[in-house]
Amino acid sequence: MREYRSLALTVIAIFIVTLVGAFFSPTFNEQKTWLELFFLFGALLFIFSILVIFAAIGFSSFSLYLAIFLAAVMGMYGVEGALLVTGMTYFFWGSIFAMEVLLFYNHVKSAKEWFIARYTFKTFKNEYYAFYPMMGMLYILFSPSRVLKEMEEILKPE
């Protein structure tokens, strides 16, 4: 964690300097320019954060694609558009994952083959925890903890 301290301090310093610049600007136009810069830095930090999150889960090629897509959406529709795209991606991807887990729980052969073809236990576990809120909505239909134990036996942890 110590290696990221200087990076975090640099990011915080950038935001503080832009806010100080906006606060001490003599004209409204200069304040507006500093605030636009502040929001641009926030948008870039958001895109980078999404890239890091998806890369940490194990989807490095998808994270790069999503970061480029989010940058384009943010350029066209602003931060709200990027938040909407991120939320929709999480919802749809999580729904598909949760449905496949539900099918696996009910011993559907194609679901088992789907997981074996696409996942190691480590990547399954990362997605399992990432999409646990989506599976939580289906908690009345199955027990996600039982699925994790079964996947550990089938996918053989690394």
# chains A, B, ... in the order shown; residues from 1 in each chain; ligands from 1
>>> closest_atom_pairs(of="region 65-124 of chain A", to="region 128-137 of chain A", cutoff="6 Å", atoms="only C-alpha atoms", output="CSV")
residue,atom,partner,partner_atom,distance
A:Gly94,CA,A:Phe131,CA,5.4
A:Ala98,CA,A:Met135,CA,5.2
A:Phe124,CA,A:Tyr128,CA,5.9
>>> write_last_selection(atoms="N, CA, C and O atoms", output="PDB file, in the first residue's frame")
ATOM      1  N   GLY A  94     -23.658  -8.647 -14.857  1.00  0.00           N
ATOM      2  CA  GLY A  94     -23.994  -9.317 -13.607  1.00  0.00           C
ATOM      3  C   GLY A  94     -25.238 -10.176 -13.719  1.00  0.00           C
ATOM      4  O   GLY A  94     -25.311 -11.258 -13.127  1.00  0.00           O
ATOM      5  N   ALA A  98     -25.257 -14.067 -13.053  1.00  0.00           N
ATOM      6  CA  ALA A  98     -26.163 -14.608 -12.034  1.00  0.00           C
ATOM      7  C   ALA A  98     -27.082 -15.684 -12.623  1.00  0.00           C
ATOM      8  O   ALA A  98     -27.340 -16.708 -11.983  1.00  0.00           O
ATOM      9  N   PHE A 124     -13.374 -17.077 -11.568  1.00  0.00           N
ATOM     10  CA  PHE A 124     -14.767 -17.247 -11.151  1.00  0.00           C
ATOM     11  C   PHE A 124     -15.009 -16.585  -9.802  1.00  0.00           C
ATOM     12  O   PHE A 124     -15.999 -15.888  -9.605  1.00  0.00           O
TER      13      PHE A 124
END
>>> atom_distance(atom1="CA of Ile116 (chain A)", atom2="CA of Ile154 (chain A)")
7.8 Å
>>> residues_around(residues="Lys112 (chain A)", least_positions_apart="5", cutoff="9 Å", atoms="only C-alpha atoms", output="ChimeraX atom specification")
/A:100-101,103-104,107,117,154
>>> atom_distance(atom1="CA of Arg2 (chain A)", atom2="CA of Ala67 (chain A)")
26.1 Å
>>> closest_atom_pairs(of="region 74-95 of chain A", to="region 26-50 of chain A", cutoff="9 Å", atoms="only C-alpha atoms", output="tab-separated table")
residue	atom	partner	partner_atom	distance
A:Met74	CA	A:Ala43	CA	7.7
A:Gly78	CA	A:Ala43	CA	8.4
A:Val79	CA	A:Ala43	CA	6.4
A:Ala82	CA	A:Ile47	CA	8.5
A:Thr86	CA	A:Ile50	CA	8.4
>>> write_last_selection(atoms="all heavy atoms", output="CSV table (one decimal), in the first residue's frame")
chain,number,residue,atom,x,y,z
A,74,MET,N,-18.0,9.7,-22.5
A,74,MET,CA,-17.8,10.8,-21.7
A,74,MET,C,-17.6,12.1,-22.5
A,74,MET,O,-18.1,13.2,-22.2
A,74,MET,CB,-16.7,10.6,-20.7
A,74,MET,CG,-16.7,11.6,-19.6
A,74,MET,SD,-15.4,11.3,-18.4
A,74,MET,CE,-16.0,9.7,-17.7
A,78,GLY,N,-20.8,13.4,-21.4
A,78,GLY,CA,-20.4,13.8,-20.1
A,78,GLY,C,-20.3,12.7,-19.1
A,78,GLY,O,-20.5,11.5,-19.4
A,79,VAL,N,-20.1,13.0,-17.9
A,79,VAL,CA,-19.8,12.1,-16.8
A,79,VAL,C,-21.1,11.3,-16.6
A,79,VAL,O,-21.1,10.1,-16.3
A,79,VAL,CB,-19.4,12.8,-15.5
A,79,VAL,CG1,-19.2,11.8,-14.4
A,79,VAL,CG2,-18.1,13.5,-15.7
A,82,ALA,N,-21.2,8.4,-18.9
A,82,ALA,CA,-20.3,7.3,-18.5
A,82,ALA,C,-20.7,6.5,-17.3
A,82,ALA,O,-20.6,5.3,-17.3
A,82,ALA,CB,-18.9,7.9,-18.3
A,86,THR,N,-21.5,2.6,-17.3
A,86,THR,CA,-20.9,1.7,-16.4
A,86,THR,C,-21.9,0.9,-15.6
A,86,THR,O,-21.8,-0.3,-15.4
A,86,THR,CB,-20.0,2.5,-15.4
A,86,THR,OG1,-19.0,3.2,-16.2
A,86,THR,CG2,-19.3,1.6,-14.4
>>> select_by_dssp(residues="chain A", states="alpha helix (DSSP H)", output="VMD selection string")
chain A and resid 5 to 23 28 to 57 60 to 105 109 to 118 121 to 130 132 to 136 144 to 155
>>> closest_residue(among="A:Leu102, A:Ile68, A:Glu3, A:Leu84", to="Ser145 (chain A)", atoms="only C-alpha atoms")
A:Leu102
>>> closest_residue(among="A:Lys122, A:Phe92, A:Trp114, A:Tyr105", to="Pro144 (chain A)", atoms="only C-alpha atoms")
A:Tyr105
